[in-house]
$ cat model_26.pdb   # PDB, C-alpha atoms and all ligand atoms
MODEL        1
ATOM      1  CA  MET A   1     159.899 -43.974 107.723  1.00  0.00           C
ATOM      2  CA  ALA A   2     162.273 -46.346 109.449  1.00  0.00           C
ATOM      3  CA  GLU A   3     165.344 -47.600 107.624  1.00  0.00           C
ATOM      4  CA  LYS A   4     164.687 -50.796 105.663  1.00  0.00           C
ATOM      5  CA  GLN A   5     165.224 -53.724 107.960  1.00  0.00           C
ATOM      6  CA  THR A   6     167.785 -56.336 107.070  1.00  0.00           C
ATOM      7  CA  LEU A   7     169.131 -59.181 109.137  1.00  0.00           C
ATOM      8  CA  ALA A   8     172.073 -56.968 110.015  1.00  0.00           C
ATOM      9  CA  THR A   9     169.986 -53.949 111.138  1.00  0.00           C
ATOM     10  CA  TRP A  10     167.670 -56.240 113.152  1.00  0.00           C
ATOM     11  CA  TYR A  11     170.681 -57.820 114.850  1.00  0.00           C
ATOM     12  CA  ASP A  12     172.297 -54.439 115.454  1.00  0.00           C
ATOM     13  CA  GLU A  13     169.185 -53.066 117.191  1.00  0.00           C
ATOM     14  CA  LYS A  14     168.809 -56.141 119.341  1.00  0.00           C
ATOM     15  CA  TYR A  15     172.397 -56.954 120.238  1.00  0.00           C
ATOM     16  CA  GLY A  16     174.701 -54.227 118.919  1.00  0.00           C
ATOM     17  CA  LYS A  17     176.901 -54.528 115.831  1.00  0.00           C
ATOM     18  CA  MET A  18     177.134 -58.003 114.310  1.00  0.00           C
ATOM     19  CA  PRO A  19     180.546 -59.378 115.293  1.00  0.00           C
ATOM     20  CA  ASN A  20     181.210 -60.803 111.841  1.00  0.00           C
ATOM     21  CA  ALA A  21     180.286 -57.607 109.991  1.00  0.00           C
ATOM     22  CA  SER A  22     183.164 -56.368 107.826  1.00  0.00           C
ATOM     23  CA  LEU A  23     185.340 -53.572 109.180  1.00  0.00           C
ATOM     24  CA  PHE A  24     183.723 -51.229 106.643  1.00  0.00           C
ATOM     25  CA  GLU A  25     180.236 -52.110 107.936  1.00  0.00           C
ATOM     26  CA  GLN A  26     181.302 -51.885 111.576  1.00  0.00           C
ATOM     27  CA  LEU A  27     182.564 -48.366 110.945  1.00  0.00           C
ATOM     28  CA  GLY A  28     179.207 -47.416 109.395  1.00  0.00           C
ATOM     29  CA  GLY A  29     179.944 -47.894 105.665  1.00  0.00           C
ATOM     30  CA  THR A  30     179.564 -45.012 103.219  1.00  0.00           C
ATOM     31  CA  ALA A  31     177.914 -42.796 105.861  1.00  0.00           C
ATOM     32  CA  ALA A  32     181.050 -43.099 107.986  1.00  0.00           C
ATOM     33  CA  VAL A  33     183.213 -42.191 104.971  1.00  0.00           C
ATOM     34  CA  ASP A  34     181.086 -39.079 104.364  1.00  0.00           C
ATOM     35  CA  ALA A  35     181.328 -38.064 108.021  1.00  0.00           C
ATOM     36  CA  ALA A  36     185.097 -38.548 108.092  1.00  0.00           C
ATOM     37  CA  VAL A  37     185.955 -36.740 104.815  1.00  0.00           C
ATOM     38  CA  ASP A  38     185.606 -33.147 106.053  1.00  0.00           C
ATOM     39  CA  ILE A  39     187.341 -33.708 109.381  1.00  0.00           C
ATOM     40  CA  PHE A  40     190.196 -35.647 107.785  1.00  0.00           C
ATOM     41  CA  TYR A  41     190.749 -33.141 105.016  1.00  0.00           C
ATOM     42  CA  ARG A  42     190.746 -30.228 107.467  1.00  0.00           C
ATOM     43  CA  LYS A  43     193.374 -31.986 109.554  1.00  0.00           C
ATOM     44  CA  VAL A  44     195.573 -32.796 106.545  1.00  0.00           C
ATOM     45  CA  LEU A  45     195.414 -29.259 105.127  1.00  0.00           C
ATOM     46  CA  GLY A  46     196.151 -27.825 108.577  1.00  0.00           C
ATOM     47  CA  ASP A  47     199.200 -30.068 109.039  1.00  0.00           C
ATOM     48  CA  ASP A  48     202.389 -28.248 107.994  1.00  0.00           C
ATOM     49  CA  ARG A  49     204.288 -31.539 107.779  1.00  0.00           C
ATOM     50  CA  ILE A  50     202.264 -32.646 104.729  1.00  0.00           C
ATOM     51  CA  ASN A  51     199.982 -29.924 103.329  1.00  0.00           C
ATOM     52  CA  ARG A  52     202.493 -28.889 100.647  1.00  0.00           C
ATOM     53  CA  PHE A  53     201.760 -32.154  98.801  1.00  0.00           C
ATOM     54  CA  PHE A  54     198.135 -31.071  98.374  1.00  0.00           C
ATOM     55  CA  GLU A  55     198.922 -27.643  96.933  1.00  0.00           C
ATOM     56  CA  GLY A  56     197.562 -27.244  93.428  1.00  0.00           C
ATOM     57  CA  VAL A  57     195.420 -30.383  93.642  1.00  0.00           C
ATOM     58  CA  ASP A  58     192.036 -29.954  91.914  1.00  0.00           C
ATOM     59  CA  MET A  59     189.636 -29.312  94.821  1.00  0.00           C
ATOM     60  CA  GLU A  60     186.563 -30.571  92.981  1.00  0.00           C
ATOM     61  CA  LYS A  61     188.147 -33.915  92.280  1.00  0.00           C
ATOM     62  CA  GLN A  62     189.713 -33.960  95.711  1.00  0.00           C
ATOM     63  CA  ALA A  63     186.507 -34.820  97.590  1.00  0.00           C
ATOM     64  CA  ALA A  64     186.078 -37.916  95.426  1.00  0.00           C
ATOM     65  CA  LYS A  65     189.715 -38.847  96.000  1.00  0.00           C
ATOM     66  CA  GLN A  66     189.369 -38.399  99.738  1.00  0.00           C
ATOM     67  CA  LYS A  67     186.370 -40.718  99.673  1.00  0.00           C
ATOM     68  CA  ALA A  68     188.329 -43.245  97.632  1.00  0.00           C
ATOM     69  CA  PHE A  69     191.180 -42.965 100.148  1.00  0.00           C
ATOM     70  CA  LEU A  70     188.881 -43.474 103.144  1.00  0.00           C
ATOM     71  CA  THR A  71     186.885 -46.306 101.561  1.00  0.00           C
ATOM     72  CA  MET A  72     190.155 -48.081 100.940  1.00  0.00           C
ATOM     73  CA  ALA A  73     191.465 -47.430 104.461  1.00  0.00           C
ATOM     74  CA  PHE A  74     188.160 -48.608 105.968  1.00  0.00           C
ATOM     75  CA  GLY A  75     188.458 -51.927 104.148  1.00  0.00           C
ATOM     76  CA  GLY A  76     185.497 -51.152 101.861  1.00  0.00           C
ATOM     77  CA  PRO A  77     184.986 -51.850  98.152  1.00  0.00           C
ATOM     78  CA  HIS A  78     187.494 -49.975  95.968  1.00  0.00           C
ATOM     79  CA  ASN A  79     189.070 -50.211  92.524  1.00  0.00           C
ATOM     80  CA  TYR A  80     192.683 -49.546  93.387  1.00  0.00           C
ATOM     81  CA  THR A  81     195.594 -51.946  93.163  1.00  0.00           C
ATOM     82  CA  GLY A  82     199.100 -51.546  94.559  1.00  0.00           C
ATOM     83  CA  GLN A  83     200.196 -50.558  91.065  1.00  0.00           C
ATOM     84  CA  ASP A  84     197.605 -47.747  90.990  1.00  0.00           C
ATOM     85  CA  MET A  85     198.791 -46.506  94.397  1.00  0.00           C
ATOM     86  CA  ARG A  86     202.366 -46.489  93.063  1.00  0.00           C
ATOM     87  CA  LYS A  87     201.387 -44.507  89.956  1.00  0.00           C
ATOM     88  CA  GLY A  88     199.050 -42.159  91.876  1.00  0.00           C
ATOM     89  CA  HIS A  89     201.798 -41.068  94.262  1.00  0.00           C
ATOM     90  CA  ALA A  90     204.900 -41.289  92.037  1.00  0.00           C
ATOM     91  CA  HIS A  91     204.941 -37.505  91.401  1.00  0.00           C
ATOM     92  CA  LEU A  92     204.842 -36.966  95.187  1.00  0.00           C
ATOM     93  CA  VAL A  93     207.742 -39.383  95.765  1.00  0.00           C
ATOM     94  CA  LYS A  94     209.722 -37.226  93.307  1.00  0.00           C
ATOM     95  CA  GLN A  95     208.893 -34.254  95.545  1.00  0.00           C
ATOM     96  CA  GLY A  96     210.328 -36.103  98.556  1.00  0.00           C
ATOM     97  CA  LEU A  97     207.358 -38.048  99.962  1.00  0.00           C
ATOM     98  CA  ASN A  98     208.759 -40.300 102.699  1.00  0.00           C
ATOM     99  CA  ASP A  99     207.917 -42.458 105.747  1.00  0.00           C
ATOM    100  CA  GLY A 100     207.524 -39.429 108.016  1.00  0.00           C
ATOM    101  CA  HIS A 101     204.841 -37.985 105.702  1.00  0.00           C
ATOM    102  CA  PHE A 102     203.136 -41.354 105.528  1.00  0.00           C
ATOM    103  CA  ASP A 103     203.120 -41.562 109.351  1.00  0.00           C
ATOM    104  CA  ALA A 104     201.558 -38.090 109.520  1.00  0.00           C
ATOM    105  CA  VAL A 105     198.684 -39.159 107.240  1.00  0.00           C
ATOM    106  CA  VAL A 106     198.040 -42.285 109.332  1.00  0.00           C
ATOM    107  CA  GLU A 107     198.127 -40.128 112.469  1.00  0.00           C
ATOM    108  CA  ASN A 108     195.550 -37.693 111.034  1.00  0.00           C
ATOM    109  CA  LEU A 109     193.369 -40.613 110.029  1.00  0.00           C
ATOM    110  CA  GLY A 110     193.452 -42.069 113.552  1.00  0.00           C
ATOM    111  CA  ALA A 111     192.722 -38.649 115.115  1.00  0.00           C
ATOM    112  CA  THR A 112     189.739 -38.225 112.764  1.00  0.00           C
ATOM    113  CA  LEU A 113     188.249 -41.568 113.765  1.00  0.00           C
ATOM    114  CA  LYS A 114     188.855 -40.865 117.445  1.00  0.00           C
ATOM    115  CA  GLU A 115     187.006 -37.575 117.087  1.00  0.00           C
ATOM    116  CA  LEU A 116     184.090 -39.498 115.555  1.00  0.00           C
ATOM    117  CA  GLY A 117     183.992 -41.811 118.565  1.00  0.00           C
ATOM    118  CA  VAL A 118     185.281 -44.935 116.789  1.00  0.00           C
ATOM    119  CA  ALA A 119     186.540 -47.686 119.119  1.00  0.00           C
ATOM    120  CA  GLY A 120     190.293 -48.097 119.499  1.00  0.00           C
ATOM    121  CA  ASN A 121     190.420 -51.646 118.143  1.00  0.00           C
ATOM    122  CA  LEU A 122     188.690 -50.530 114.913  1.00  0.00           C
ATOM    123  CA  ILE A 123     191.092 -47.581 114.575  1.00  0.00           C
ATOM    124  CA  GLY A 124     193.913 -50.121 114.881  1.00  0.00           C
ATOM    125  CA  GLN A 125     192.447 -52.174 112.042  1.00  0.00           C
ATOM    126  CA  VAL A 126     192.160 -49.081 109.833  1.00  0.00           C
ATOM    127  CA  ALA A 127     195.774 -48.154 110.609  1.00  0.00           C
ATOM    128  CA  ALA A 128     196.840 -51.693 109.619  1.00  0.00           C
ATOM    129  CA  ILE A 129     195.115 -51.373 106.219  1.00  0.00           C
ATOM    130  CA  ALA A 130     196.757 -47.992 105.623  1.00  0.00           C
ATOM    131  CA  GLU A 131     200.068 -49.566 106.651  1.00  0.00           C
ATOM    132  CA  SER A 132     199.662 -52.318 104.048  1.00  0.00           C
ATOM    133  CA  THR A 133     199.853 -49.685 101.270  1.00  0.00           C
ATOM    134  CA  ARG A 134     203.049 -48.006 102.573  1.00  0.00           C
ATOM    135  CA  ASN A 135     205.565 -49.534 100.150  1.00  0.00           C
ATOM    136  CA  ASP A 136     203.314 -48.963  97.138  1.00  0.00           C
ATOM    137  CA  VAL A 137     202.558 -45.336  98.070  1.00  0.00           C
ATOM    138  CA  LEU A 138     206.262 -44.681  98.677  1.00  0.00           C
ATOM    139  CA  GLY A 139     207.249 -46.431  95.444  1.00  0.00           C
ATOM    140  CA  ARG A 140     209.543 -49.154  96.759  1.00  0.00           C
TER
HETATM  141  C1  LIG B   1     197.813 -44.181 103.759  1.00  0.00           C
HETATM  142  C2  LIG B   1     197.989 -44.586 102.522  1.00  0.00           C
HETATM  143  C3  LIG B   1     197.405 -43.873 101.339  1.00  0.00           C
HETATM  144  C4  LIG B   1     196.329 -44.260 100.599  1.00  0.00           C
HETATM  145  C5  LIG B   1     195.489 -45.521 100.812  1.00  0.00           C
HETATM  146  C6  LIG B   1     196.127 -43.237  99.582  1.00  0.00           C
HETATM  147  C7  LIG B   1     195.132 -43.278  98.631  1.00  0.00           C
HETATM  148  C8  LIG B   1     194.973 -42.379  97.627  1.00  0.00           C
HETATM  149  C9  LIG B   1     193.993 -42.483  96.580  1.00  0.00           C
HETATM  150  C10 LIG B   1     192.983 -43.621  96.431  1.00  0.00           C
HETATM  151  C11 LIG B   1     194.163 -41.420  95.772  1.00  0.00           C
HETATM  152  C12 LIG B   1     193.368 -41.091  94.509  1.00  0.00           C
HETATM  153  C13 LIG B   1     194.153 -41.569  93.318  1.00  0.00           C
HETATM  154  C14 LIG B   1     193.469 -41.188  92.030  1.00  0.00           C
HETATM  155  O1  LIG B   1     192.452 -41.783  91.692  1.00  0.00           O
HETATM  156  O2  LIG B   1     193.958 -40.280  91.363  1.00  0.00           O
HETATM  157  C15 LIG B   1     195.237 -40.607  96.320  1.00  0.00           C
HETATM  158  C16 LIG B   1     195.679 -39.412  95.801  1.00  0.00           C
HETATM  159  C17 LIG B   1     196.528 -38.552  96.451  1.00  0.00           C
HETATM  160  N1  LIG B   1     197.240 -38.816  97.580  1.00  0.00           N
HETATM  161 FE1  LIG B   1     197.184 -40.550  98.626  1.00  0.00          FE
HETATM  162  N2  LIG B   1     197.055 -42.246  99.737  1.00  0.00           N
HETATM  163  C18 LIG B   1     197.861 -42.588 100.795  1.00  0.00           C
HETATM  164  C19 LIG B   1     198.925 -41.838 101.290  1.00  0.00           C
HETATM  165  C20 LIG B   1     199.219 -40.545 100.910  1.00  0.00           C
HETATM  166  C21 LIG B   1     200.234 -39.706 101.520  1.00  0.00           C
HETATM  167  C22 LIG B   1     201.167 -40.156 102.657  1.00  0.00           C
HETATM  168  C23 LIG B   1     200.177 -38.490 100.894  1.00  0.00           C
HETATM  169  C24 LIG B   1     200.978 -37.219 101.128  1.00  0.00           C
HETATM  170  C25 LIG B   1     201.359 -36.801 102.317  1.00  0.00           C
HETATM  171  C26 LIG B   1     199.144 -38.583  99.869  1.00  0.00           C
HETATM  172  C27 LIG B   1     198.788 -37.570  99.000  1.00  0.00           C
HETATM  173  C28 LIG B   1     197.940 -37.703  97.934  1.00  0.00           C
HETATM  174  C29 LIG B   1     197.679 -36.635  96.977  1.00  0.00           C
HETATM  175  C30 LIG B   1     198.269 -35.215  97.010  1.00  0.00           C
HETATM  176  C31 LIG B   1     196.799 -37.172  96.041  1.00  0.00           C
HETATM  177  C32 LIG B   1     196.200 -36.447  94.830  1.00  0.00           C
HETATM  178  C33 LIG B   1     197.158 -36.497  93.698  1.00  0.00           C
HETATM  179  C34 LIG B   1     196.718 -35.590  92.565  1.00  0.00           C
HETATM  180  O3  LIG B   1     195.541 -35.546  92.259  1.00  0.00           O
HETATM  181  O4  LIG B   1     197.607 -34.931  92.028  1.00  0.00           O
HETATM  182  N3  LIG B   1     198.601 -39.836  99.906  1.00  0.00           N
HETATM  183  N4  LIG B   1     195.719 -41.225  97.431  1.00  0.00           N
ENDMDL
END
$ encode --input "model_26.pdb" --output "structure tokens" --more "lines below"
Ligand code: HEM
Amino acid sequence: MAEKQTLATWYDEKYGKMPNASLFEQLGGTAAVDAAVDIFYRKVLGDDRINRFFEGVDMEKQAAKQKAFLTMAFGGPHNYTGQDMRKGHAHLVKQGLNDGHFDAVVENLGATLKELGVAGNLIGQVAAIAESTRNDVLGR
């Protein structure tokens, strides 16, 4: 059975992605988040600059958190505010979380999307969203 047709899927088949689709839709929505989770997490855990922050984190809950992270970075629907980001990372700031660590996460995110064949301009938009959370994540 073919996927249910909507105006957007009809347009996509005929002309390519709708230019006014949201960033989240242009990236492929939840399916794109699912595809990116494993690659991203593997990169983060393999990165000696930042993997210590993930030690002792509940692995079962981690998949859901990774999805929440990616949905947010992709500009999709999420329930987090700046205040939540501050609270969620405060214990890491106490352990020394800084700009260099933040840069490393953004770098791993970009590398993940590149590996998935995402266009450079969309990767730039994702990086800009991640960037907008920097001061909250770093607690300043
Ligand atoms: C790029 C900006 C970032 C965003 C949008 C983001 C987003 C999130 C979200 C949504 C959660 C789940 C919060 C919850 O519901 O508990 C989370 C948790 C977490 N984040 Fe981030 N994050 C960012 C940067 C970072 C950085 C730079 C690090 C460390 C290098 C980091 C490490 C963690 C860890 C370890 C957790 C799990 C905390 C725990 O369960 O103890 N995050 N993040």
$ closest_residue --input "model_26.pdb" --among "A:Asn121, A:Asn108, A:Ser22, A:Gln66" --to "ligand LIG 1 (chain B)" --atoms "all atoms listed in the file"
A:Gln66
$ residues_near_ligand --input "model_26.pdb" --ligand "ligand LIG 1 (chain B)" --cutoff "7 Å" --atoms "all atoms listed in the file" --output "number ranges by chain"
A: 50, 53-54, 57-58, 62, 65-66, 68-69, 72-73, 80, 85, 88-89, 97, 101-102, 105-106, 130-131, 133-134, 137
$ resolve_selection --input "model_26.pdb" --expression "the PyMOL selection byres (((chain A and resi 26-36) around 7) and not hetatm)" --output "PyMOL selection string"
chain A and resi 17+21-25+37-40+67+70-71+112
$ write_last_selection --input "model_26.pdb" --atoms "C-alpha atoms" --output "tab-separated table (two decimals), keeping the file's coordinate frame"
chain	number	residue	atom	x	y	z
A	17	LYS	CA	176.90	-54.53	115.83
A	21	ALA	CA	180.29	-57.61	109.99
A	22	SER	CA	183.16	-56.37	107.83
A	23	LEU	CA	185.34	-53.57	109.18
A	24	PHE	CA	183.72	-51.23	106.64
A	25	GLU	CA	180.24	-52.11	107.94
A	37	VAL	CA	185.96	-36.74	104.82
A	38	ASP	CA	185.61	-33.15	106.05
A	39	ILE	CA	187.34	-33.71	109.38
A	40	PHE	CA	190.20	-35.65	107.78
A	67	LYS	CA	186.37	-40.72	99.67
A	70	LEU	CA	188.88	-43.47	103.14
A	71	THR	CA	186.88	-46.31	101.56
A	112	THR	CA	189.74	-38.22	112.76
$ atom_distance --input "model_26.pdb" --atom1 "atom CA of Gly120 of chain A" --atom2 "atom CA of Asp12 of chain A"
19.5 Å
$ closest_residue --input "model_26.pdb" --among "A:Lys14, A:Arg49, A:Lys43, A:Arg86" --to "Asp103 of chain A" --atoms "only C-alpha atoms"
A:Arg49
$ closest_residue --input "model_26.pdb" --among "A:Gly100, A:Gly75, A:Ala63, A:Asn51" --to "Leu122 of chain A" --atoms "all atoms listed in the file"
A:Gly75
$ atom_distance --input "model_26.pdb" --atom1 "atom CA of Ser132 of chain A" --atom2 "atom CA of Thr81 of chain A"
11.6 Å
$ residues_around --input "model_26.pdb" --residues "Ile123 of chain A" --least-positions-apart "2" --cutoff "9 Å" --atoms "all atoms listed in the file" --output "list in words"
Leu109, Gly110, Leu113, Lys114, Val118, Ala119, Gly120, Asn121, Gln125, Val126, Ala127 and Ala128 of chain A
$ axis_aligned_box --input "model_26.pdb" --around "segment 29-42 of chain A" --padding-each-side "5 Å" --output "JSON"
{"center_x": 184.3, "center_y": -39.1, "center_z": 106.3, "size_x": 22.8, "size_y": 27.7, "size_z": 16.2}
$ atom_distance --input "model_26.pdb" --atom1 "atom CA of Asp136 of chain A" --atom2 "atom CA of Leu116 of chain A"
28.3 Å
$ closest_residue --input "model_26.pdb" --among "A:Ala8, A:Ala111, A:Leu138, A:Ala64" --to "Gly96 of chain A" --atoms "all atoms listed in the file"
A:Leu138
